[in-house]
Amino acid sequence: MSLHESFVAVNSVIQPDGSLTKSTKNKVILSLINIVRETSKPFSYRNKRLDTGYSNTVPPEKYNLDVLVSSNFDDYSESLKFLNEAILFFQINASISSETNSNIPTGIEKLEFELETISYHQMHSLWNAMGAKYQPSVIYKMRLLTLDPNQTRGFIPEIIETSNMIGQ
């Protein structure tokens with residue numbers, strides 16, 4: 001069996017009013033559950049060299065997204081089969097680049113997926129926080145999504161010559 005996109009929905013597991021999402025019945029659901037700004041960056045280049053000086057730019061930021069992959073099928077064994085297919089998909093496609101996939105939005109170079117291991121109690125708390133009954137599921141971290149505002153704050157002129165100010 002192969003996981004076809006007609007069996008996949010990007011949606012919340014449950015509606016804000018607490019009701020079940022009917023459009024996700026008998027589907028694998030991808031739900032964003034957390035966004036974390038990546039703080040381990042070696043350098044932040046703010047100034048870019050131009051012909052006549054430098055531009056002071058807003059540096060890009062990187063984010064990791066936690067995505068819940070849950071299997072919402074009437075038959076429990078079907079839920080397990082489809083969850084297995086989702087896990088196999090991310091195992092085979094641990095990294096998806098804009099060069100290999102035309103569906104990646106412009107500005108995103110590469111998406112990397114890593115299985116997150118959480119305890120039974122953490123998973124229980126997550127499903128309780130969502131107000132939903134547990135469904136077979138796993139969490140993947142989508143690593144280093146870069147958001148680059150590509151905005152310039154100002155220009156810094158180039159220093160061409162300095163004079164000796166000592167003794168004046």
# chains A, B, ... in the order shown; residues from 1 in each chain; ligands from 1

$ residues_around --residues "Ser31 (chain A)" --least-positions-apart "3" --cutoff "6 Å" --atoms "only C-alpha atoms" --output "PyMOL selection string"
chain A and resi 11-12+67-68

$ closest_residue --among "A:Trp127, A:Phe82, A:Tyr140, A:Tyr134" --to "Leu111 (chain A)" --atoms "only C-alpha atoms"
A:Tyr140

$ residues_around --residues "Gln135 (chain A)" --least-positions-apart "2" --cutoff "10 Å" --atoms "only C-alpha atoms" --output "list in words"
Val13, Val69, Ser70, Ser71, Asn72, Phe73, Tyr76, Ser79, Leu80, Trp127, Ala132, Lys133, Ser137 and Val138 of chain A

$ atom_distance --atom1 "CA of Lys141 (chain A)" --atom2 "CA of Lys25 (chain A)"
24.1 Å

$ closest_residue --among "A:Asn34, A:Ser77, A:Ser6, A:Gln91" --to "Leu115 (chain A)" --atoms "only C-alpha atoms"
A:Gln91

$ closest_residue --among "A:Leu144, A:Met130, A:Leu65, A:Ile139" --to "Ile14 (chain A)" --atoms "only C-alpha atoms"
A:Met130

$ atom_distance --atom1 "CA of Glu85 (chain A)" --atom2 "CA of Met142 (chain A)"
18.0 Å

$ atom_distance --atom1 "CA of Ile33 (chain A)" --atom2 "CA of Glu99 (chain A)"
27.3 Å

$ select_by_dssp --residues "region 22-125 of chain A" --states "strand (DSSP E or B)" --output "number ranges by chain"
A: 27-37, 47-50, 53-57, 61-72, 95-97, 110-116

$ select_by_dssp --residues "region 65-97 of chain A" --states "helix (DSSP H, G or I)" --output "list of chain:residue names"
A:Tyr76, A:Ser77, A:Glu78, A:Ser79, A:Leu80, A:Lys81, A:Phe82, A:Leu83, A:Asn84, A:Glu85, A:Ala86, A:Ile87, A:Leu88, A:Phe89, A:Phe90, A:Gln91, A:Ile92
